[in-house]
file entry.cif (mmCIF, C-alpha atoms and all ligand atoms)
data_input
#
loop_
_atom_site.label_atom_id
_atom_site.label_comp_id
_atom_site.auth_asym_id
_atom_site.auth_seq_id
_atom_site.Cartn_x
_atom_site.Cartn_y
_atom_site.Cartn_z
CA MET A 89 5.22 20.17 -11.20
CA VAL A 90 8.67 21.33 -12.21
CA ILE A 91 11.58 20.15 -10.07
CA GLN A 92 15.26 21.12 -10.45
CA LYS A 93 18.44 19.47 -9.34
CA HIS A 94 18.90 20.56 -5.73
CA GLY A 95 21.26 20.93 -2.82
CA PRO A 96 21.14 18.97 0.44
CA LEU A 97 17.89 17.98 2.16
CA ARG A 98 17.98 18.79 5.84
CA GLY A 99 15.51 18.63 8.69
CA GLU A 100 12.83 16.56 10.32
CA LEU A 101 9.59 15.25 8.91
CA ALA A 102 6.66 13.17 10.12
CA VAL A 103 5.24 11.47 7.01
CA PRO A 104 1.45 10.87 6.95
CA GLY A 105 -0.19 7.79 8.45
CA ASP A 106 0.08 4.36 6.91
CA LYS A 107 -2.40 3.76 4.09
CA SER A 108 -2.94 0.05 4.75
CA ILE A 109 -3.47 0.59 8.48
CA SER A 110 -5.76 3.60 7.93
CA HIS A 111 -8.05 1.56 5.64
CA ARG A 112 -8.21 -1.26 8.14
CA SER A 113 -8.98 1.02 11.09
CA VAL A 114 -12.20 2.12 9.37
CA MET A 115 -13.15 -1.34 8.11
CA PHE A 116 -12.52 -3.19 11.36
CA GLY A 117 -13.91 -0.30 13.40
CA ALA A 118 -17.15 -0.54 11.44
CA LEU A 119 -17.40 -4.29 12.20
CA SER A 120 -16.68 -3.75 15.90
CA GLU A 121 -18.99 -2.85 18.73
CA GLY A 122 -18.43 0.63 20.10
CA ILE A 123 -16.13 3.42 19.08
CA THR A 124 -12.84 3.21 17.22
CA GLU A 125 -10.66 6.29 17.31
CA ALA A 126 -7.89 6.47 14.74
CA GLU A 127 -5.20 9.13 15.14
CA ASN A 128 -2.77 10.13 12.36
CA PHE A 129 -5.25 8.68 9.86
CA LEU A 130 -4.16 9.13 6.24
CA THR A 131 -6.37 11.67 4.47
CA GLY A 132 -5.29 10.44 1.03
CA ALA A 133 -8.07 9.87 -1.50
CA ASP A 134 -7.91 6.06 -1.15
CA CYS A 135 -8.65 6.08 2.57
CA LEU A 136 -11.40 8.68 2.11
CA SER A 137 -12.95 6.25 -0.39
CA THR A 138 -13.04 3.58 2.32
CA ILE A 139 -14.77 6.00 4.69
CA SER A 140 -17.41 6.86 2.11
CA CYS A 141 -18.05 3.16 1.32
CA PHE A 142 -18.83 2.45 4.98
CA ARG A 143 -20.98 5.55 5.27
CA GLN A 144 -22.98 4.11 2.36
CA MET A 145 -23.61 1.04 4.54
CA GLY A 146 -24.96 2.98 7.51
CA ILE A 147 -21.78 3.50 9.51
CA LEU A 148 -21.26 6.90 11.10
CA VAL A 149 -17.66 7.99 10.51
CA GLU A 150 -16.57 11.39 11.81
CA GLN A 151 -13.44 12.79 10.24
CA ASN A 152 -11.65 15.84 11.54
CA GLY A 153 -8.36 16.08 9.67
CA THR A 154 -6.24 13.10 10.68
CA SER A 155 -8.57 12.17 13.58
CA VAL A 156 -11.26 9.69 12.66
CA VAL A 157 -14.01 8.27 14.86
CA VAL A 158 -15.87 5.19 13.64
CA HIS A 159 -19.15 4.29 15.35
CA GLY A 160 -19.05 0.52 14.89
CA LYS A 161 -22.20 -1.58 14.70
CA GLY A 162 -20.68 -5.03 15.18
CA LEU A 163 -20.02 -7.85 12.74
CA HIS A 164 -23.66 -7.96 11.62
CA GLY A 165 -24.48 -4.26 11.71
CA LEU A 166 -23.89 -3.10 8.12
CA THR A 167 -26.96 -2.13 6.14
CA ARG A 168 -27.70 -2.54 2.42
CA PRO A 169 -25.76 0.19 0.58
CA SER A 170 -27.72 3.09 -0.83
CA GLY A 171 -26.35 2.48 -4.36
CA ILE A 172 -23.29 1.13 -6.13
CA ILE A 173 -20.33 1.21 -3.74
CA ASP A 174 -17.56 3.42 -5.15
CA ALA A 175 -14.00 2.53 -4.11
CA GLY A 176 -12.42 5.22 -6.32
CA ASN A 177 -8.80 4.30 -7.17
CA SER A 178 -8.35 1.98 -4.18
CA GLY A 179 -7.55 -1.69 -4.82
CA THR A 180 -7.37 -2.33 -1.07
CA THR A 181 -10.92 -1.06 -0.66
CA VAL A 182 -12.40 -3.21 -3.44
CA ARG A 183 -10.60 -6.39 -2.46
CA LEU A 184 -11.00 -6.24 1.33
CA LEU A 185 -14.58 -5.01 1.08
CA SER A 186 -15.46 -7.86 -1.30
CA GLY A 187 -14.61 -10.32 1.49
CA ILE A 188 -16.85 -8.44 3.92
CA LEU A 189 -19.70 -8.03 1.42
CA ALA A 190 -19.68 -11.74 0.52
CA GLY A 191 -20.91 -12.61 4.01
CA GLN A 192 -23.65 -9.97 4.36
CA PRO A 193 -27.39 -10.67 4.29
CA PHE A 194 -27.81 -8.22 1.36
CA ASP A 195 -26.69 -7.89 -2.25
CA SER A 196 -24.27 -5.21 -3.37
CA THR A 197 -22.23 -3.94 -6.31
CA ILE A 198 -18.78 -2.47 -5.88
CA THR A 199 -16.73 -0.59 -8.46
CA GLY A 200 -14.26 2.28 -8.79
CA ASP A 201 -12.54 4.55 -11.29
CA THR A 202 -11.34 3.53 -14.77
CA SER A 203 -8.00 2.31 -13.39
CA ILE A 204 -9.65 0.09 -10.77
CA GLN A 205 -11.92 -1.35 -13.45
CA LYS A 206 -8.83 -2.74 -15.19
CA ARG A 207 -7.21 -4.37 -12.15
CA PRO A 208 -7.50 -8.14 -11.64
CA MET A 209 -10.27 -9.23 -9.26
CA LYS A 210 -10.33 -12.95 -10.13
CA ARG A 211 -7.75 -13.33 -7.40
CA VAL A 212 -10.49 -12.57 -4.85
CA MET A 213 -13.42 -14.01 -6.82
CA THR A 214 -11.80 -17.47 -6.89
CA PRO A 215 -11.37 -18.00 -3.13
CA LEU A 216 -14.66 -16.28 -2.29
CA SER A 217 -16.49 -18.59 -4.71
CA GLN A 218 -14.81 -21.57 -3.06
CA MET A 219 -16.27 -20.33 0.23
CA GLY A 220 -19.74 -20.40 -1.33
CA ALA A 221 -19.97 -16.72 -2.21
CA SER A 222 -21.87 -15.52 -5.22
CA ILE A 223 -19.63 -12.93 -6.86
CA ALA A 224 -19.64 -11.97 -10.53
CA SER A 225 -17.72 -9.52 -12.69
CA VAL A 226 -20.47 -7.46 -14.34
CA HIS A 227 -18.58 -7.19 -17.66
CA GLU A 228 -17.29 -10.80 -17.36
CA ASN A 229 -13.70 -9.59 -17.66
CA GLY A 230 -12.52 -10.54 -14.18
CA CYS A 231 -12.55 -6.88 -13.12
CA ALA A 232 -14.88 -4.53 -11.21
CA PRO A 233 -17.76 -3.77 -11.15
CA LEU A 234 -18.33 -6.82 -8.96
CA GLN A 235 -21.86 -7.95 -8.16
CA ILE A 236 -21.99 -9.74 -4.82
CA LYS A 237 -25.00 -11.65 -3.51
CA GLY A 238 -24.69 -12.16 0.23
CA SER A 239 -24.54 -15.91 0.92
CA PRO A 240 -23.75 -18.37 3.73
CA LEU A 241 -19.99 -18.95 3.65
CA HIS A 242 -17.90 -22.04 4.41
CA GLY A 243 -14.47 -22.09 6.00
CA ILE A 244 -11.72 -23.11 3.57
CA HIS A 245 -7.97 -23.51 3.48
CA TYR A 246 -6.89 -21.38 0.55
CA LEU A 247 -3.49 -21.85 -1.08
CA SER A 248 -2.99 -18.44 -2.63
CA PRO A 249 -0.95 -18.37 -5.84
CA VAL A 250 0.21 -14.80 -5.05
CA ALA A 251 1.77 -13.21 -1.99
CA SER A 252 -0.88 -10.53 -1.65
CA ALA A 253 -2.13 -9.03 1.59
CA GLN A 254 -5.23 -7.84 -0.24
CA VAL A 255 -6.16 -11.39 -1.24
CA LYS A 256 -5.24 -12.80 2.17
CA SER A 257 -7.20 -10.11 4.01
CA CYS A 258 -10.23 -10.55 1.74
CA VAL A 259 -10.40 -14.27 2.53
CA LEU A 260 -9.79 -13.78 6.27
CA LEU A 261 -12.53 -11.12 6.43
CA ALA A 262 -14.96 -13.45 4.65
CA GLY A 263 -13.81 -16.06 7.19
CA LEU A 264 -15.32 -13.94 9.98
CA TYR A 265 -18.71 -14.82 8.45
CA ALA A 266 -17.95 -18.50 7.67
CA ASP A 267 -19.21 -21.67 9.37
CA ALA A 268 -15.72 -22.97 10.28
CA PRO A 269 -12.12 -21.70 10.55
CA THR A 270 -10.59 -20.18 7.40
CA SER A 271 -6.89 -20.34 6.52
CA VAL A 272 -4.78 -18.71 3.84
CA THR A 273 -1.32 -19.97 2.90
CA GLU A 274 0.80 -17.68 0.73
CA PRO A 275 3.94 -18.38 -1.31
CA ALA A 276 5.75 -15.75 0.81
CA ILE A 277 4.57 -13.68 3.74
CA SER A 278 2.76 -10.47 2.78
CA ARG A 279 2.03 -7.52 5.07
CA ASN A 280 0.26 -8.73 8.22
CA HIS A 281 -1.61 -5.59 9.31
CA SER A 282 -4.99 -7.34 9.08
CA GLU A 283 -3.88 -10.15 11.35
CA LEU A 284 -2.35 -7.75 13.91
CA MET A 285 -5.29 -5.36 13.95
CA LEU A 286 -8.05 -7.99 13.88
CA ARG A 287 -6.39 -9.67 16.87
CA TYR A 288 -6.13 -6.29 18.61
CA PHE A 289 -9.89 -5.82 18.06
CA GLY A 290 -10.61 -9.26 19.59
CA ALA A 291 -10.57 -11.78 16.73
CA ASP A 292 -8.98 -15.20 17.19
CA ILE A 293 -6.21 -15.30 14.56
CA GLN A 294 -3.27 -17.67 14.47
CA CYS A 295 -0.23 -17.16 12.23
CA GLU A 296 2.27 -19.90 11.53
CA GLY A 297 4.87 -19.53 8.81
CA THR A 298 3.04 -18.29 5.73
CA THR A 299 -0.38 -19.44 6.97
CA SER A 300 -2.93 -17.27 8.75
CA THR A 301 -6.09 -18.78 10.25
CA VAL A 302 -9.15 -16.95 11.57
CA LEU A 303 -12.01 -18.36 13.65
CA PRO A 304 -15.52 -17.26 12.65
CA ASP A 305 -17.98 -15.00 14.41
CA PRO A 306 -15.75 -13.16 16.87
CA ARG A 307 -16.99 -10.30 18.99
CA LEU A 308 -14.91 -7.36 17.82
CA THR A 309 -14.60 -4.32 20.07
CA GLY A 310 -13.69 -0.79 18.96
CA GLN A 311 -10.18 0.36 19.89
CA LYS A 312 -7.86 3.35 19.79
CA VAL A 313 -5.50 3.08 16.82
CA ASN A 314 -2.38 5.24 16.55
CA VAL A 315 -1.56 4.94 12.88
CA PRO A 316 2.23 4.92 12.38
CA GLY A 317 3.87 6.95 9.61
CA ASP A 318 3.73 5.11 6.28
CA ILE A 319 7.06 3.52 5.38
CA SER A 320 5.90 3.58 1.75
CA SER A 321 5.69 7.40 1.97
CA ALA A 322 8.91 7.65 3.99
CA ALA A 323 10.57 5.74 1.13
CA TYR A 324 10.70 8.87 -1.09
CA PHE A 325 12.52 10.89 1.56
CA ILE A 326 14.83 7.99 2.41
CA ALA A 327 15.77 7.81 -1.26
CA ALA A 328 16.08 11.58 -1.72
CA ALA A 329 18.30 11.97 1.36
CA LEU A 330 20.53 9.09 0.25
CA LEU A 331 20.91 10.47 -3.28
CA VAL A 332 21.47 14.19 -2.71
CA PRO A 333 25.01 14.76 -1.36
CA GLY A 334 25.24 16.42 2.05
CA SER A 335 21.68 15.48 3.10
CA GLU A 336 20.65 14.49 6.60
CA VAL A 337 16.97 13.87 7.33
CA LEU A 338 15.15 12.54 10.38
CA LEU A 339 11.84 10.82 9.62
CA LYS A 340 9.74 10.60 12.77
CA ASN A 341 7.51 7.72 13.85
CA VAL A 342 7.68 5.45 10.80
CA GLY A 343 6.09 1.98 10.86
CA ILE A 344 8.81 -0.68 10.63
CA ASN A 345 6.69 -3.83 10.66
CA PRO A 346 9.05 -6.58 9.39
CA THR A 347 6.53 -7.51 6.66
CA ARG A 348 6.94 -3.96 5.28
CA ASP A 349 10.57 -3.02 5.95
CA GLY A 350 12.27 -4.60 2.93
CA MET A 351 13.33 -1.20 1.60
CA LEU A 352 15.43 -0.60 4.72
CA ARG A 353 17.19 -3.91 4.17
CA VAL A 354 17.78 -3.14 0.49
CA VAL A 355 19.16 0.37 0.96
CA ARG A 356 21.54 -0.93 3.62
CA ALA A 357 22.69 -3.65 1.22
CA MET A 358 23.31 -0.84 -1.30
CA GLY A 359 25.53 1.00 1.20
CA GLY A 360 22.89 3.46 2.46
CA ASP A 361 23.36 5.08 5.86
CA VAL A 362 20.09 4.46 7.74
CA THR A 363 19.91 4.51 11.55
CA LEU A 364 16.85 3.49 13.58
CA ILE A 365 16.24 5.63 16.69
CA ASN A 366 13.54 5.46 19.40
CA GLU A 367 12.27 2.03 18.37
CA SER A 368 8.93 1.28 20.00
CA THR A 369 6.40 -1.51 19.88
CA GLY A 370 3.59 0.51 21.48
CA GLY A 371 0.24 -0.62 20.02
CA ALA A 372 0.03 -3.42 17.51
CA GLU A 373 2.70 -2.08 15.14
CA PRO A 374 6.44 -1.43 15.67
CA CYS A 375 7.71 2.12 14.88
CA ALA A 376 10.97 4.05 14.88
CA ASP A 377 12.52 7.35 13.81
CA LEU A 378 14.77 6.93 10.79
CA LEU A 379 17.93 9.00 10.41
CA ILE A 380 19.12 9.06 6.81
CA ARG A 381 22.45 10.47 5.61
CA SER A 382 23.50 10.75 1.97
CA SER A 383 25.60 7.81 0.83
CA SER A 384 27.27 6.52 -2.29
CA LEU A 385 25.26 3.51 -3.38
CA HIS A 386 26.12 0.29 -5.18
CA ALA A 387 23.97 -2.25 -6.98
CA THR A 388 22.17 -5.24 -5.44
CA THR A 389 19.76 -8.05 -6.35
CA ILE A 390 16.17 -7.85 -5.09
CA GLU A 391 14.18 -11.07 -5.32
CA GLY A 392 12.18 -13.84 -3.66
CA GLU A 393 10.59 -13.39 -0.26
CA LEU A 394 11.89 -9.84 -0.02
CA ILE A 395 9.56 -8.69 -2.82
CA PRO A 396 6.24 -8.58 -0.89
CA THR A 397 7.98 -6.63 1.92
CA LEU A 398 8.81 -3.75 -0.45
CA ILE A 399 6.40 -4.16 -3.35
CA ASP A 400 5.18 -0.53 -3.25
CA GLU A 401 8.73 0.81 -2.84
CA LEU A 402 10.12 -0.84 -5.99
CA PRO A 403 9.56 2.25 -8.19
CA VAL A 404 11.70 4.46 -5.94
CA ILE A 405 14.20 1.63 -5.41
CA ALA A 406 14.54 1.52 -9.22
CA VAL A 407 15.42 5.22 -9.10
CA LEU A 408 18.09 4.53 -6.47
CA ALA A 409 19.43 1.71 -8.65
CA ALA A 410 19.76 4.07 -11.63
CA PHE A 411 22.12 6.25 -9.57
CA ALA A 412 23.97 3.33 -7.92
CA GLU A 413 27.23 1.89 -9.28
CA GLY A 414 26.75 -1.47 -11.00
CA THR A 415 23.85 -3.58 -12.24
CA THR A 416 20.77 -4.00 -10.03
CA VAL A 417 18.45 -6.90 -10.80
CA ILE A 418 14.82 -6.85 -9.63
CA LYS A 419 13.05 -10.18 -10.16
CA ASP A 420 10.06 -12.19 -8.88
CA ALA A 421 8.08 -8.94 -9.03
CA ALA A 422 5.54 -9.61 -11.80
CA GLU A 423 2.92 -8.11 -9.43
CA LEU A 424 4.31 -4.71 -10.44
CA LYS A 425 2.43 -5.09 -13.73
CA VAL A 426 -0.99 -5.04 -12.01
CA LYS A 427 -0.59 -2.09 -9.65
CA GLU A 428 -2.07 1.38 -10.24
CA SER A 429 -0.12 1.25 -13.53
CA ASP A 430 2.10 -1.38 -15.15
CA ARG A 431 5.01 -0.24 -13.01
CA ILE A 432 7.61 -2.23 -14.96
CA ALA A 433 6.64 -0.54 -18.23
CA VAL A 434 6.06 2.93 -16.76
CA MET A 435 9.28 2.97 -14.71
CA THR A 436 11.28 1.77 -17.70
CA GLU A 437 9.72 4.36 -20.02
CA ASN A 438 10.39 7.28 -17.68
CA LEU A 439 13.84 6.20 -16.46
CA LYS A 440 14.87 5.97 -20.13
CA ARG A 441 13.58 9.50 -20.72
CA MET A 442 16.06 10.63 -18.05
CA GLY A 443 18.91 8.78 -19.73
CA ALA A 444 19.05 5.63 -17.56
CA ASP A 445 20.12 2.26 -18.93
CA VAL A 446 17.24 -0.03 -17.95
CA GLU A 447 15.74 -3.19 -19.41
CA PRO A 448 12.25 -4.40 -18.50
CA THR A 449 11.87 -8.14 -17.86
CA ASP A 450 8.80 -10.33 -17.35
CA ASP A 451 9.07 -10.08 -13.59
CA GLY A 452 11.14 -6.99 -12.91
CA MET A 453 13.91 -4.82 -14.33
CA ILE A 454 17.64 -4.85 -14.94
CA ILE A 455 19.14 -1.46 -14.21
CA HIS A 456 22.69 -0.62 -15.21
CA GLY A 457 23.33 2.21 -12.79
CA GLY A 458 25.81 5.01 -12.44
CA ARG A 459 25.09 7.00 -15.63
CA PRO A 460 24.35 10.67 -14.94
CA LEU A 461 20.61 11.27 -15.39
CA HIS A 462 19.17 14.41 -16.95
CA GLY A 463 15.84 16.18 -16.46
CA ALA A 464 12.91 15.11 -18.66
CA THR A 465 9.14 15.27 -18.97
CA ILE A 466 7.70 12.41 -16.92
CA ASN A 467 4.34 10.76 -17.58
CA PRO A 468 3.36 8.92 -14.40
CA HIS A 469 0.25 7.39 -16.04
CA LEU A 470 -1.74 8.79 -13.08
CA ASP A 471 0.16 6.50 -10.70
CA HIS A 472 0.96 8.30 -7.42
CA ARG A 473 4.02 6.20 -6.64
CA ILE A 474 5.56 6.84 -10.07
CA ALA A 475 5.07 10.61 -9.74
CA MET A 476 6.75 10.68 -6.31
CA SER A 477 9.60 8.41 -7.44
CA PHE A 478 10.46 10.80 -10.28
CA ALA A 479 10.22 13.84 -8.01
CA VAL A 480 13.08 12.15 -6.14
CA ALA A 481 15.00 11.35 -9.33
CA ALA A 482 14.61 15.01 -10.37
CA LEU A 483 16.46 16.23 -7.26
CA ALA A 484 19.58 14.33 -8.29
CA ALA A 485 19.37 14.69 -12.10
CA ASP A 486 20.94 17.51 -14.12
CA GLY A 487 18.55 20.25 -15.25
CA GLU A 488 14.82 20.46 -14.91
CA THR A 489 12.19 17.69 -14.67
CA LYS A 490 8.52 18.21 -15.40
CA ILE A 491 6.05 15.77 -13.85
CA GLN A 492 2.74 15.65 -15.70
CA ASP A 493 -0.52 15.09 -13.76
CA ALA A 494 1.57 15.68 -10.65
CA ASP A 495 -1.47 15.94 -8.37
CA CYS A 496 -2.06 12.17 -8.67
CA VAL A 497 0.05 11.99 -5.47
CA LYS A 498 -3.16 12.85 -3.57
CA ILE A 499 -4.09 9.15 -3.63
CA SER A 500 -1.61 8.39 -0.85
CA TYR A 501 0.22 11.64 0.01
CA PRO A 502 -1.70 14.90 -0.57
CA GLY A 503 1.05 17.05 1.03
CA PHE A 504 3.97 15.39 -0.72
CA TYR A 505 5.35 18.39 -2.62
CA THR A 506 4.89 20.68 0.40
CA ASP A 507 6.82 18.23 2.58
CA LEU A 508 9.58 18.03 -0.04
CA GLU A 509 9.72 21.81 -0.06
CA GLY A 510 9.92 21.81 3.75
CA LEU A 511 13.22 19.96 3.48
CA GLY A 512 14.48 22.77 1.26
CA THR A 513 14.06 21.22 -2.15
CA VAL A 514 11.27 22.41 -4.46
C1 LIG B 601 -1.94 -3.46 0.33
C2 LIG B 601 -1.31 -4.55 -0.18
C3 LIG B 601 -0.44 -4.50 -1.36
C4 LIG B 601 0.00 -3.08 -1.68
C5 LIG B 601 -1.12 -2.10 -1.61
C6 LIG B 601 -1.76 -2.11 -0.23
C7 LIG B 601 -2.83 -3.64 1.51
O1 LIG B 601 -1.14 -5.01 -2.47
O2 LIG B 601 0.59 -3.04 -2.96
O3 LIG B 601 -0.65 -0.80 -1.88
O4 LIG B 601 -3.17 -2.65 2.17
O5 LIG B 601 -3.17 -4.79 1.81
P1 LIG B 601 -1.18 -6.59 -2.76
O6 LIG B 601 -1.68 -7.22 -1.53
O7 LIG B 601 -2.12 -6.80 -3.89
O8 LIG B 601 0.24 -6.95 -3.09
#
call {"tool": "encode", "arguments": {"input": "entry.cif", "output": "structure tokens", "more": "lines below"}}
Ligand code: S3P
result
Amino acid sequence: MVIQKHGPLRGELAVPGDKSISHRSVMFGALSEGITEAENFLTGADCLSTISCFRQMGILVEQNGTSVVVHGKGLHGLTRPSGIIDAGNSGTTVRLLSGILAGQPFDSTITGDTSIQKRPMKRVMTPLSQMGASIASVHENGCAPLQIKGSPLHGIHYLSPVASAQVKSCVLLAGLYADAPTSVTEPAISRNHSELMLRYFGADIQCEGTTSTVLPDPRLTGQKVNVPGDISSAAYFIAAALLVPGSEVLLKNVGINPTRDGMLRVVRAMGGDVTLINESTGGAEPCADLLIRSSSLHATTIEGELIPTLIDELPVIAVLAAFAEGTTVIKDAAELKVKESDRIAVMTENLKRMGADVEPTDDGMIIHGGRPLHGATINPHLDHRIAMSFAVAALAADGETKIQDADCVKISYPGFYTDLEGLGTV
């Protein structure tokens, strides 16, 4: 994909459905009795992987574009998978499904593509083992493939060393099959979509501070889920509209759950003009339309409890920081190293190619912003969020930028370049 410096972005856009919520609608729908209908479901490759995993375990899932119908069979209705379960590139699928598989009366093996086979799974193996699960890394390297022998599970109180919704959700899902309540306490609050949606489907879940507790053996009932627009996808258009002078973009129906909205807080702290319109709390998740106007940005510090609320947006925030006046510090974000790529290394490498002054650190980046950036050839290392972040950088950089393996965006946003073009850019 070749992208040139461009004039103002103008218009309206509804970004696709939230990835985290789409995954969960299929998973929790499968474990519920009756029908779950998800609207505005994300048709990105990761969520399609989740659908195919549940089909492998006997669940009928009908997909017609962004409408998905899951014929749930209840908490104990999954059947032994037909073969090795393939989660593709999706960390959410492997980790959440591991929690579900640990409590089943059958054995299973779950794996994914070469990237997923390098991502850390000890973080779910440790708490699941404490619950009595039998879960082993086939190559004994702490990564997938994971071999899971269904076992009776015990309720635990897990003190998680990382603020990770994937770890928390894995343990809470295993807790549905345990013999007593299961709690997870995190160092900082991570996205709470599992808690909100499981409660909506009928589970007994309490949340207090950074602790979430689930009671075992609930009767879950299928529901209608209106998936809000993904704030992590909206992030690229928020950034592009802020950076390109004269832009004004309205992003319709974006999820603004406070455990996900850190980017909005950061761009406002940087001087970004972001207005929330039509705020609604219909359903389990709050939403709003976001009106973004181009703004001159200044540096900020991003750290601590804010990090889990914008973890997936840090690549595009780093792009904003490269154009902002002053030095932006991102810290407490070592998790970036174990995402779809090592996002500290890959962002640093590519920002430097465009002429930015950026230093990688152990847990983030220091970005001395305000230098003019120039077009370059970008290697996203097959990471969808890196490719989209540099498509944004390209709009505000001098000359022409070439993004290699640009179709990796299909993981979370198959229509990304078309939507960018719709705002008058590509
Ligand atoms: C996700 C949680 C986050 C996020 C990922 C989706 C989820 O990962 O980066 O894209 O749906 O629970 P961690 O929980 O590992 O931080």
call {"tool": "residues_around", "arguments": {"input": "entry.cif", "residues": "Ile390 of chain A", "least_positions_apart": "2", "cutoff": "7 Å", "atoms": "only C-alpha atoms", "output": "list of chain:residue names"}}
result
A:Thr388, A:Leu394, A:Val417, A:Ile418, A:Lys419
call {"tool": "closest_residue", "arguments": {"input": "entry.cif", "among": "A:Asp349, A:Asp377, A:Glu437, A:Glu423", "to": "ligand LIG 601 (chain B)", "atoms": "all atoms listed in the file"}}
result
A:Glu423
call {"tool": "residues_near_ligand", "arguments": {"input": "entry.cif", "ligand": "ligand LIG 601 (chain B)", "cutoff": "6 Å", "atoms": "only C-alpha atoms and all ligand atoms", "output": "list in words"}}
result
Ser108, Thr180, Ser252, Ala253, Gln254, Ile399 and Asp400 of chain A
call {"tool": "write_last_selection", "arguments": {"input": "entry.cif", "atoms": "C-alpha atoms", "output": "compact mmCIF listing (two decimals), keeping the file's coordinate frame"}}
result
# COMPACT_ATOMS: atom_id res chain seq x y z
CA SER A 108 -2.94 0.05 4.75
CA THR A 180 -7.37 -2.33 -1.07
CA SER A 252 -0.88 -10.53 -1.65
CA ALA A 253 -2.13 -9.03 1.59
CA GLN A 254 -5.23 -7.84 -0.24
CA ILE A 399 6.40 -4.16 -3.35
CA ASP A 400 5.18 -0.53 -3.25
call {"tool": "closest_residue", "arguments": {"input": "entry.cif", "among": "A:Ala118, A:Val90, A:Ala133, A:Ala221", "to": "Lys498 of chain A", "atoms": "all atoms listed in the file"}}
result
A:Ala133
call {"tool": "residues_around", "arguments": {"input": "entry.cif", "residues": "segment 120-127 of chain A", "least_positions_apart": "2", "cutoff": "10 Å", "atoms": "all atoms listed in the file", "output": "mmCIF file with C-alpha atoms, in the frame of the given file"}}
result
data_model
loop_
_atom_site.group_PDB
_atom_site.id
_atom_site.type_symbol
_atom_site.label_atom_id
_atom_site.label_comp_id
_atom_site.auth_asym_id
_atom_site.auth_seq_id
_atom_site.Cartn_x
_atom_site.Cartn_y
_atom_site.Cartn_z
ATOM 1 C CA GLY A 105 -0.190 7.790 8.450
ATOM 2 C CA ILE A 109 -3.470 0.590 8.480
ATOM 3 C CA SER A 110 -5.760 3.600 7.930
ATOM 4 C CA SER A 113 -8.980 1.020 11.090
ATOM 5 C CA VAL A 114 -12.200 2.120 9.370
ATOM 6 C CA MET A 115 -13.150 -1.340 8.110
ATOM 7 C CA PHE A 116 -12.520 -3.190 11.360
ATOM 8 C CA GLY A 117 -13.910 -0.300 13.400
ATOM 9 C CA ALA A 118 -17.150 -0.540 11.440
ATOM 10 C CA PHE A 129 -5.250 8.680 9.860
ATOM 11 C CA LEU A 130 -4.160 9.130 6.240
ATOM 12 C CA VAL A 149 -17.660 7.990 10.510
ATOM 13 C CA GLU A 150 -16.570 11.390 11.810
ATOM 14 C CA GLN A 151 -13.440 12.790 10.240
ATOM 15 C CA ASN A 152 -11.650 15.840 11.540
ATOM 16 C CA GLY A 153 -8.360 16.080 9.670
ATOM 17 C CA THR A 154 -6.240 13.100 10.680
ATOM 18 C CA SER A 155 -8.570 12.170 13.580
ATOM 19 C CA VAL A 156 -11.260 9.690 12.660
ATOM 20 C CA VAL A 157 -14.010 8.270 14.860
ATOM 21 C CA VAL A 158 -15.870 5.190 13.640
ATOM 22 C CA HIS A 159 -19.150 4.290 15.350
ATOM 23 C CA GLY A 160 -19.050 0.520 14.890
ATOM 24 C CA LYS A 161 -22.200 -1.580 14.700
ATOM 25 C CA GLY A 162 -20.680 -5.030 15.180
ATOM 26 C CA LEU A 163 -20.020 -7.850 12.740
ATOM 27 C CA HIS A 164 -23.660 -7.960 11.620
ATOM 28 C CA GLY A 165 -24.480 -4.260 11.710
ATOM 29 C CA LEU A 286 -8.050 -7.990 13.880
ATOM 30 C CA PHE A 289 -9.890 -5.820 18.060
ATOM 31 C CA GLY A 290 -10.610 -9.260 19.590
ATOM 32 C CA PRO A 306 -15.750 -13.160 16.870
ATOM 33 C CA ARG A 307 -16.990 -10.300 18.990
ATOM 34 C CA LEU A 308 -14.910 -7.360 17.820
ATOM 35 C CA THR A 309 -14.600 -4.320 20.070
ATOM 36 C CA GLY A 310 -13.690 -0.790 18.960
ATOM 37 C CA GLN A 311 -10.180 0.360 19.890
ATOM 38 C CA LYS A 312 -7.860 3.350 19.790
ATOM 39 C CA VAL A 313 -5.500 3.080 16.820
ATOM 40 C CA ASN A 314 -2.380 5.240 16.550
ATOM 41 C CA VAL A 315 -1.560 4.940 12.880
ATOM 42 C CA PRO A 316 2.230 4.920 12.380
#
call {"tool": "residues_around", "arguments": {"input": "entry.cif", "residues": "Ser225 of chain A", "least_positions_apart": "2", "cutoff": "12 Å", "atoms": "all atoms listed in the file", "output": "NGL selection string"}}
result
:A and (186 or 197-199 or 205-214 or 222-223 or 227-237)
call {"tool": "atom_distance", "arguments": {"input": "entry.cif", "atom1": "atom CA of Phe194 of chain A", "atom2": "atom CA of Asp134 of chain A"}}
result
24.6 Å
call {"tool": "residues_around", "arguments": {"input": "entry.cif", "residues": "Glu393 of chain A", "least_positions_apart": "6", "cutoff": "12 Å", "atoms": "all atoms listed in the file", "output": "JSON, numbers by chain"}}
result
{"A": [250, 251, 252, 274, 275, 276, 277, 278, 279, 298, 346, 347, 348, 350, 399, 419, 420, 421]}
call {"tool": "closest_residue", "arguments": {"input": "entry.cif", "among": "A:Ala484, A:Met351, A:Leu260, A:Met358", "to": "Ser383 of chain A", "atoms": "only C-alpha atoms"}}
result
A:Met358
call {"tool": "atom_distance", "arguments": {"input": "entry.cif", "atom1": "atom CA of Tyr288 of chain A", "atom2": "atom CA of Ala372 of chain A"}}
result
6.9 Å
